[in-house]
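Novice: Enclosed is the structure file upload_3.cif (mmCIF, C-alpha atoms and all ligand atoms).
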```cif
data_work
loop_
_atom_site.label_atom_id
_atom_site.label_comp_id
_atom_site.auth_asym_id
_atom_site.auth_seq_id
_atom_site.Cartn_x
_atom_site.Cartn_y
_atom_site.Cartn_z
CA MET A 1 21.44 -8.64 -15.59
CA ASN A 2 21.43 -5.48 -13.46
CA ALA A 3 18.27 -3.40 -13.18
CA GLN A 4 18.33 -0.09 -15.00
CA VAL A 5 17.71 2.84 -12.65
CA ILE A 6 15.73 5.53 -14.49
CA GLN A 7 15.15 9.06 -13.28
CA GLY A 8 13.72 11.12 -16.13
CA LEU A 9 10.27 10.25 -17.40
CA GLN A 10 11.28 11.06 -20.98
CA ARG A 11 14.05 8.47 -20.75
CA TRP A 12 11.57 5.94 -19.40
CA ARG A 13 9.10 6.64 -22.22
CA THR A 14 11.81 6.02 -24.81
CA ILE A 15 12.73 2.71 -23.16
CA ARG A 16 9.07 1.72 -22.81
CA SER A 17 8.49 2.19 -26.54
CA THR A 18 11.10 -0.52 -27.24
CA LEU A 19 9.56 -3.12 -24.88
CA SER A 20 7.27 -5.90 -25.96
CA GLY A 21 5.95 -8.89 -24.00
CA SER A 22 4.28 -8.85 -20.61
CA ILE A 23 5.26 -6.21 -18.06
CA GLY A 24 4.70 -6.63 -14.34
CA PHE A 25 4.62 -3.49 -12.19
CA VAL A 26 5.13 -2.98 -8.46
CA PRO A 27 4.55 0.65 -7.40
CA THR A 28 6.02 1.49 -3.98
CA MET A 29 7.08 4.36 -1.77
CA GLY A 30 10.40 2.60 -1.06
CA ALA A 31 11.73 1.41 2.32
CA LEU A 32 11.27 -2.05 0.82
CA HIS A 33 10.52 -4.98 3.13
CA GLU A 34 9.81 -8.69 2.67
CA GLY A 35 6.21 -7.90 1.64
CA HIS A 36 7.44 -5.78 -1.29
CA LEU A 37 10.05 -8.38 -2.18
CA ALA A 38 7.33 -11.05 -2.40
CA LEU A 39 5.44 -8.83 -4.89
CA LEU A 40 8.60 -8.27 -6.93
CA LYS A 41 9.47 -11.98 -6.99
CA ARG A 42 5.96 -12.86 -8.10
CA SER A 43 6.07 -10.27 -10.86
CA VAL A 44 9.49 -11.48 -12.03
CA SER A 45 8.23 -15.07 -12.15
CA GLU A 46 5.08 -14.16 -14.11
CA ASN A 47 6.27 -11.53 -16.62
CA ASP A 48 8.85 -10.89 -19.33
CA ALA A 49 9.97 -7.71 -17.56
CA THR A 50 9.33 -6.17 -14.13
CA VAL A 51 9.22 -2.47 -13.30
CA LEU A 52 9.52 -1.19 -9.73
CA SER A 53 8.68 2.43 -8.99
CA ILE A 54 9.87 4.20 -5.86
CA PHE A 55 8.16 7.49 -5.17
CA VAL A 56 7.09 8.93 -1.82
CA ASN A 57 3.83 10.46 -2.96
CA ALA A 58 3.19 13.71 -1.07
CA THR A 59 -0.44 14.01 -2.24
CA GLN A 60 -1.52 10.98 -0.21
CA PHE A 61 -0.19 12.37 3.09
CA ASN A 62 -2.63 14.59 4.91
CA ASP A 63 -0.06 15.19 7.65
CA ARG A 64 3.21 16.91 6.74
CA ALA A 65 5.08 15.42 9.73
CA ASP A 66 4.07 11.92 8.62
CA LEU A 67 5.47 12.62 5.14
CA ASP A 68 8.73 14.01 6.55
CA ARG A 69 9.20 11.00 8.83
CA TYR A 70 8.36 8.41 6.16
CA PRO A 71 11.39 6.06 6.05
CA ARG A 72 13.70 6.35 3.02
CA SER A 73 16.45 3.89 2.11
CA LEU A 74 17.08 4.20 -1.63
CA GLU A 75 20.47 2.46 -1.86
CA GLN A 76 19.25 -0.54 0.09
CA ASP A 77 16.04 -0.64 -1.96
CA ILE A 78 17.99 -0.73 -5.23
CA ALA A 79 20.15 -3.59 -3.91
CA HIS A 80 17.04 -5.56 -2.86
CA ALA A 81 15.41 -4.99 -6.24
CA GLN A 82 18.55 -6.16 -8.07
CA ARG A 83 18.53 -9.38 -6.05
CA CYS A 84 14.88 -10.01 -6.94
CA GLY A 85 15.64 -9.75 -10.66
CA VAL A 86 13.80 -6.48 -11.33
CA ASP A 87 14.54 -5.05 -14.79
CA PHE A 88 13.71 -1.36 -14.35
CA ILE A 89 13.63 0.88 -11.28
CA LEU A 90 11.72 4.06 -11.93
CA LEU A 91 12.46 7.05 -9.67
CA PRO A 92 10.12 9.84 -10.74
CA ASP A 93 10.10 13.17 -8.96
CA HIS A 94 7.16 15.26 -7.81
CA ALA A 95 7.53 18.04 -10.40
CA GLU A 96 7.55 15.56 -13.28
CA LEU A 97 4.63 13.51 -11.99
CA TYR A 98 2.52 16.55 -11.08
CA PRO A 99 3.07 19.11 -13.87
CA ASP A 100 -0.47 20.35 -13.16
CA ASP A 101 0.34 20.81 -9.45
CA TYR A 102 -2.39 18.26 -8.59
CA ARG A 103 -5.21 20.30 -10.11
CA TYR A 104 -6.40 17.15 -11.85
CA ARG A 105 -7.08 14.21 -9.59
CA VAL A 106 -8.96 10.91 -9.40
CA ALA A 107 -11.61 10.66 -6.69
CA GLU A 108 -13.95 7.88 -5.63
CA GLY A 109 -17.12 8.82 -3.78
CA GLU A 110 -17.89 6.00 -1.36
CA LEU A 111 -15.36 3.43 -0.16
CA SER A 112 -12.55 6.02 -0.24
CA LEU A 113 -14.36 8.05 2.42
CA ALA A 114 -14.61 5.20 4.94
CA LEU A 115 -12.01 3.45 7.15
CA CYS A 116 -8.57 4.96 6.32
CA GLY A 117 -10.30 7.61 4.19
CA ALA A 118 -12.27 8.88 7.19
CA ASP A 119 -9.10 8.94 9.29
CA ARG A 120 -6.99 10.56 6.57
CA PRO A 121 -9.09 12.95 4.43
CA GLY A 122 -7.91 13.08 0.81
CA HIS A 123 -5.57 10.12 1.24
CA PHE A 124 -7.14 7.93 -1.43
CA ASP A 125 -7.45 10.79 -3.95
CA GLY A 126 -3.66 11.00 -3.74
CA VAL A 127 -3.23 7.22 -4.01
CA LEU A 128 -5.61 6.79 -6.95
CA THR A 129 -4.19 9.77 -8.80
CA VAL A 130 -0.58 8.66 -8.54
CA VAL A 131 -1.41 5.03 -9.38
CA MET A 132 -3.36 6.17 -12.47
CA LYS A 133 -0.38 8.31 -13.57
CA LEU A 134 2.13 5.51 -12.96
CA ILE A 135 0.01 2.90 -14.75
CA ASN A 136 -0.38 5.24 -17.74
CA LEU A 137 3.40 5.69 -17.86
CA VAL A 138 4.39 2.06 -17.31
CA ARG A 139 1.50 0.46 -19.25
CA PRO A 140 1.90 -2.84 -17.41
CA SER A 141 -0.01 -6.04 -18.15
CA THR A 142 -0.31 -6.66 -14.41
CA ALA A 143 0.25 -4.54 -11.30
CA TYR A 144 0.80 -6.15 -7.89
CA PHE A 145 -0.38 -4.77 -4.53
CA GLY A 146 -0.18 -6.11 -0.97
CA LEU A 147 -3.45 -7.02 0.71
CA LYS A 148 -2.35 -5.48 4.00
CA ASP A 149 -3.71 -2.34 2.33
CA TYR A 150 -6.97 -4.10 1.45
CA GLN A 151 -9.00 -0.91 1.04
CA GLN A 152 -6.33 0.54 -1.24
CA TYR A 153 -6.28 -2.65 -3.32
CA ARG A 154 -10.09 -2.58 -3.71
CA LEU A 155 -10.10 1.08 -4.72
CA ILE A 156 -7.31 0.64 -7.28
CA LYS A 157 -9.02 -2.42 -8.75
CA GLY A 158 -12.30 -0.49 -8.90
CA MET A 159 -10.61 2.48 -10.60
CA CYS A 160 -9.05 0.27 -13.28
CA GLU A 161 -12.40 -1.38 -13.99
CA SER A 162 -14.33 1.91 -14.00
CA PHE A 163 -11.90 3.60 -16.40
CA PHE A 164 -11.55 0.53 -18.69
CA MET A 165 -7.83 0.35 -17.98
CA GLU A 166 -6.17 -2.73 -19.41
CA THR A 167 -3.91 -3.56 -16.49
CA ALA A 168 -4.86 -6.56 -14.31
CA ILE A 169 -4.69 -5.73 -10.59
CA VAL A 170 -3.44 -8.60 -8.44
CA GLY A 171 -3.60 -8.61 -4.64
CA CYS A 172 -0.99 -10.65 -2.76
CA GLU A 173 -1.45 -11.90 0.80
CA THR A 174 0.29 -10.05 3.62
CA VAL A 175 3.76 -11.20 4.65
CA ARG A 176 4.15 -11.30 8.44
CA GLU A 177 6.86 -11.37 11.09
CA GLN A 178 6.95 -14.44 13.35
CA ASP A 179 4.66 -12.85 15.94
CA GLY A 180 2.12 -11.93 13.25
CA LEU A 181 3.04 -8.27 12.72
CA ALA A 182 2.32 -7.38 9.09
CA MET A 183 5.44 -6.21 7.22
CA SER A 184 5.30 -2.45 6.74
CA SER A 185 7.80 0.30 6.02
CA ARG A 186 6.46 2.07 9.10
CA ASN A 187 7.58 -0.79 11.40
CA ARG A 188 11.10 0.68 11.21
CA ARG A 189 9.90 3.57 13.32
CA LEU A 190 8.73 1.42 16.25
CA ASP A 191 10.89 1.39 19.37
CA ALA A 192 11.15 -1.86 21.39
CA ASP A 193 8.11 -1.14 23.54
CA ALA A 194 5.89 -0.12 20.60
CA ARG A 195 7.17 -3.08 18.57
CA ALA A 196 6.10 -5.51 21.31
CA LYS A 197 2.62 -3.97 21.39
CA ALA A 198 2.33 -4.00 17.60
CA GLY A 199 3.03 -7.75 17.59
CA ARG A 200 -0.36 -8.29 19.26
CA LEU A 201 -2.39 -6.42 16.64
CA SER A 202 -3.23 -9.23 14.20
CA GLY A 203 -3.87 -11.80 16.96
CA LEU A 204 -6.31 -9.53 18.77
CA LEU A 205 -8.12 -8.77 15.51
CA ARG A 206 -8.41 -12.47 14.73
CA GLU A 207 -9.49 -13.63 18.19
CA ALA A 208 -12.26 -11.07 18.76
CA ARG A 209 -15.82 -12.15 17.95
CA THR A 210 -16.96 -8.70 16.82
CA ASP A 211 -15.40 -5.47 15.60
CA GLU A 212 -16.47 -3.82 18.85
CA ALA A 213 -14.75 -6.54 20.89
CA ALA A 214 -11.59 -6.15 18.79
CA LYS A 215 -11.63 -2.40 19.41
CA ALA A 216 -11.91 -2.94 23.16
CA ALA A 217 -9.08 -5.51 23.16
CA LEU A 218 -6.76 -3.23 21.17
CA THR A 219 -7.50 -0.30 23.47
CA ALA A 220 -6.78 -2.49 26.50
CA ALA A 221 -3.46 -3.46 24.87
CA ASP A 222 -2.50 0.24 24.86
CA MET A 223 -3.14 0.92 21.18
CA GLN A 224 -5.02 4.02 20.12
CA VAL A 225 -7.70 2.73 17.75
CA GLY A 226 -8.54 4.70 14.59
CA TYR A 227 -11.15 2.19 13.43
CA VAL A 228 -12.00 -1.50 13.38
CA GLN A 229 -14.42 -2.43 10.64
CA THR A 230 -15.12 -5.59 8.70
CA LEU A 231 -15.07 -5.10 4.94
CA GLU A 232 -15.91 -8.03 2.67
CA GLY A 233 -14.99 -10.65 5.26
CA ARG A 234 -11.79 -8.91 6.34
CA ARG A 235 -11.60 -7.26 9.73
CA CYS A 236 -9.62 -4.08 8.98
CA ALA A 237 -8.06 -1.83 11.60
CA ALA A 238 -5.86 1.21 12.03
CA VAL A 239 -4.05 1.85 15.30
CA THR A 240 -1.54 4.42 16.48
CA LEU A 241 1.33 3.58 18.81
CA GLU A 242 3.52 6.03 20.64
CA SER A 243 7.20 5.45 19.88
CA CYS A 244 10.29 7.49 20.79
CA ASP A 245 10.27 8.79 17.20
CA GLY A 246 6.66 10.07 17.56
CA ALA A 247 3.31 8.44 16.81
CA VAL A 248 3.33 5.51 14.36
CA ARG A 249 0.11 4.58 12.55
CA LEU A 250 -0.23 0.93 11.52
CA ILE A 251 -2.95 -0.80 9.54
CA ASP A 252 -3.74 -4.48 9.17
CA ASN A 253 -6.61 -6.82 8.35
CA VAL A 254 -7.39 -10.47 8.96
CA ILE A 255 -9.88 -12.78 7.33
CA VAL A 256 -12.76 -13.43 9.71
CA ASP A 257 -14.08 -16.77 8.56
CA SER A 258 -17.31 -16.93 10.53
CA VAL A 259 -19.51 -13.87 10.55
CA ASP A 260 -20.92 -13.14 14.00
CA THR A 261 -24.61 -12.36 13.50
CA SER A 262 -25.44 -12.08 17.22
CA GLU A 263 -25.55 -8.29 17.05
CA MET A 264 -27.84 -8.23 14.02
CA PRO A 265 -31.60 -7.99 14.53
CA GLY A 266 -32.89 -11.50 15.14
CA GLY A 267 -29.37 -12.80 14.61
CA GLU A 268 -27.69 -15.78 16.16
CA SER A 269 -23.96 -16.35 16.32
CA ARG A 270 -22.55 -19.23 14.31
O1 LIG B 301 1.02 1.31 -1.02
C1 LIG B 301 1.83 2.21 -1.31
O2 LIG B 301 3.04 2.09 -1.06
C2 LIG B 301 1.33 3.48 -1.97
O3 LIG B 301 0.09 3.85 -1.50
C3 LIG B 301 1.35 3.40 -3.52
C4 LIG B 301 0.36 2.36 -4.02
C5 LIG B 301 2.74 3.06 -4.02
C6 LIG B 301 0.93 4.75 -4.11
O4 LIG B 301 1.79 5.77 -3.72
#
```
Please go through the file and, once you have read it, give me the structure as structure tokens.
Specialist:
Amino acid sequence: MNAQVIQGLQRWRTIRSTLSGSIGFVPTMGALHEGHLALLKRSVSENDATVLSIFVNATQFNDRADLDRYPRSLEQDIAHAQRCGVDFILLPDHAELYPDDYRYRVAEGELSLALCGADRPGHFDGVLTVVMKLINLVRPSTAYFGLKDYQQYRLIKGMCESFFMETAIVGCETVREQDGLAMSSRNRRLDADARAKAGRLSGLLREARTDEAAKAALTAADMQVGYVQTLEGRRCAAVTLESCDGAVRLIDNVIVDSVDTSEMPGGESR
């Protein structure tokens, strides 16, 4: 059966009131890639119905040029979603989602200020606010997020727990290109030279013994490093690459299985 494409929120609410059974939800900003498709396929296999939302959320962009350049490919996205067996594709617009003009927002006071939050002030307020709105509208049993955005996943999970929301938040491992580059909508903006450099990101993060060493290796590989920081056993990083289409910011993280304690007081590396 073809997915229903729904634009007005009132129409969605009417449809939602007729649905019973488990609902899986995959919120996205579109420009779907294999990572998104893996989330959709998992949701379809685990739920009675799957909802995909596509909404480029302006409130999470602290840089207007970044928002304007964010890739958009709606027709292709709808075709991909149909092939995955998605039931509903929700296409809200800004005015409908933000009737209060973003006066009300969800903020977290610690983790959201570190890593990507330090690089992009206000970013996670925008993410948490839109995810809260979408979850309230879709009322899913389970929502699926990619672990490439590990910090985002942790913050969304924390928000749902803190506000006693009934949706289970599931993180799904990153899908990668053959050379290890994490799938990302932003990869489309890389020219050949930047793409070759980006292919080294995950390997350099994995091979380095410390965050500092990873930072030095990425810098030597001609990437401008935003941060490298290990969070809960995952070495997370943001880098910017110059491409003919302007600067492209990529994030990734890898599991670092042995913790290097050599830089800790009295520590010894294992
Ligand atoms: O990960 C994303 O694509 C976005 O941050 C999300 C979760 C859809 C919120 O706009």
Novice: Output the neighbourhood of ligand LIG 301 (chain B) as a PDB file with C-alpha atoms, in the frame of the given file, that is, all protein and nucleic acid residues with some atom at most 8 Å from the ligand, counting only C-alpha atoms and all ligand atoms.
Specialist:
```pdb
ATOM      1  CA  VAL A  26       5.130  -2.980  -8.460  1.00  0.00           C
ATOM      2  CA  PRO A  27       4.550   0.650  -7.400  1.00  0.00           C
ATOM      3  CA  THR A  28       6.020   1.490  -3.980  1.00  0.00           C
ATOM      4  CA  MET A  29       7.080   4.360  -1.770  1.00  0.00           C
ATOM      5  CA  GLY A  30      10.400   2.600  -1.060  1.00  0.00           C
ATOM      6  CA  SER A  53       8.680   2.430  -8.990  1.00  0.00           C
ATOM      7  CA  ILE A  54       9.870   4.200  -5.860  1.00  0.00           C
ATOM      8  CA  PHE A  55       8.160   7.490  -5.170  1.00  0.00           C
ATOM      9  CA  VAL A  56       7.090   8.930  -1.820  1.00  0.00           C
ATOM     10  CA  ASN A  57       3.830  10.460  -2.960  1.00  0.00           C
ATOM     11  CA  GLN A  60      -1.520  10.980  -0.210  1.00  0.00           C
ATOM     12  CA  GLY A 126      -3.660  11.000  -3.740  1.00  0.00           C
ATOM     13  CA  VAL A 127      -3.230   7.220  -4.010  1.00  0.00           C
ATOM     14  CA  LEU A 128      -5.610   6.790  -6.950  1.00  0.00           C
ATOM     15  CA  VAL A 130      -0.580   8.660  -8.540  1.00  0.00           C
ATOM     16  CA  VAL A 131      -1.410   5.030  -9.380  1.00  0.00           C
ATOM     17  CA  PHE A 145      -0.380  -4.770  -4.530  1.00  0.00           C
ATOM     18  CA  GLY A 146      -0.180  -6.110  -0.970  1.00  0.00           C
ATOM     19  CA  ASP A 149      -3.710  -2.340   2.330  1.00  0.00           C
ATOM     20  CA  GLN A 152      -6.330   0.540  -1.240  1.00  0.00           C
TER      21      GLN A 152
END
```
Novice: Between CA of Asp87 in chain A and CA of Arg188 in chain A, what is the spacing in Å?
Specialist: 26.8 Å
Novice: When you look at Thr14 in chain A with a cut-off of 12 Å (counting all atoms listed in the file), what residues show up, excluding the ones that are within fewer than 6 positions of it in the same chain? I need them as an NGL selection string.
Specialist: :A and (6 or 8 or 137-138)
Novice: Using C-alpha atoms, can you write the selected residues to a file as a PDB file, in the frame of the given file?
Specialist:
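selection37.pdb written:
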```pdb
ATOM      1  CA  ILE A   6      15.730   5.530 -14.490  1.00  0.00           C
ATOM      2  CA  GLY A   8      13.720  11.120 -16.130  1.00  0.00           C
ATOM      3  CA  LEU A 137       3.400   5.690 -17.860  1.00  0.00           C
ATOM      4  CA  VAL A 138       4.390   2.060 -17.310  1.00  0.00           C
TER       5      VAL A 138
END
```
Novice: I'd like the interatomic distance between CA of Leu19 in chain A and CA of Glu46 in chain A, to a tenth of an Å.
Specialist: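 CA of Glu46 in chain A lies 16.1 Å from CA of Leu19 in chain A.
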Novice: Would you mind telling me which residue in A:Cys160, A:Ala114, A:Leu201, A:Ile15 lies nearest to Gln229 in chain A when using all atoms listed in the file?
Specialist: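 Ranked by minimum distance to Gln229 in chain A, first place goes to A:Ala114.
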Novice: Quick one: 3 Å padding each side, axis-aligned, all listed atoms of range 105-116 of chain A - centre and edge lengths in Å to one decimal, as AutoDock Vina command-line options?
Specialist:
```
--center_x -12.5 --center_y 8.8 --center_z -1.2 --size_x 16.8 --size_y 16.8 --size_z 22.7
```
Novice: Excluding Asn62 in chain A and any residue of its chain fewer than 2 positions from it, enumerate the residues within 10 Å of it, using all atoms listed in the file, and give them as a list in words.
Specialist: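 My list of contacting residues is Ala58, Thr59, Gln60, Arg64, Ala65, Asp66, Leu67, Asp119, Arg120, Pro121, Gly122, His123 and Gly126 of chain A.
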Novice: Residues as selected, C-alpha atoms, written as a CSV table (one decimal), keeping the file's coordinate frame, can you do that?
Specialist:
```csv
chain,number,residue,atom,x,y,z
A,58,ALA,CA,3.2,13.7,-1.1
A,59,THR,CA,-0.4,14.0,-2.2
A,60,GLN,CA,-1.5,11.0,-0.2
A,64,ARG,CA,3.2,16.9,6.7
A,65,ALA,CA,5.1,15.4,9.7
A,66,ASP,CA,4.1,11.9,8.6
A,67,LEU,CA,5.5,12.6,5.1
A,119,ASP,CA,-9.1,8.9,9.3
A,120,ARG,CA,-7.0,10.6,6.6
A,121,PRO,CA,-9.1,13.0,4.4
A,122,GLY,CA,-7.9,13.1,0.8
A,123,HIS,CA,-5.6,10.1,1.2
A,126,GLY,CA,-3.7,11.0,-3.7
```
Novice: Contacts of Leu147 in chain A at 6 Å or less, counting only C-alpha atoms, minus same-chain residues fewer than 2 places along, as a PyMOL selection string?
Specialist: chain A and resi 149-150+171-174
Novice: Using all atoms listed in the file, which residue out of A:Arg235, A:Arg189, A:Arg139, A:Lys148 lies closest to Glu166 in chain A?
Specialist: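 Among the listed residues, the smallest separation from Glu166 in chain A belongs to A:Arg139.
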Novice: Within 10 Å of Met159 in chain A, counting all atoms listed in the file, which residues show up once you throw out same-chain ones fewer than 5 positions away? Write them as a list of chain:residue names, please.
Specialist: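 Residues meeting the cut-off are A:Val106, A:Ala107, A:Glu108, A:Leu128, A:Thr129, A:Val131, A:Met132, A:Tyr153, A:Arg154, A:Phe164, A:Met165.
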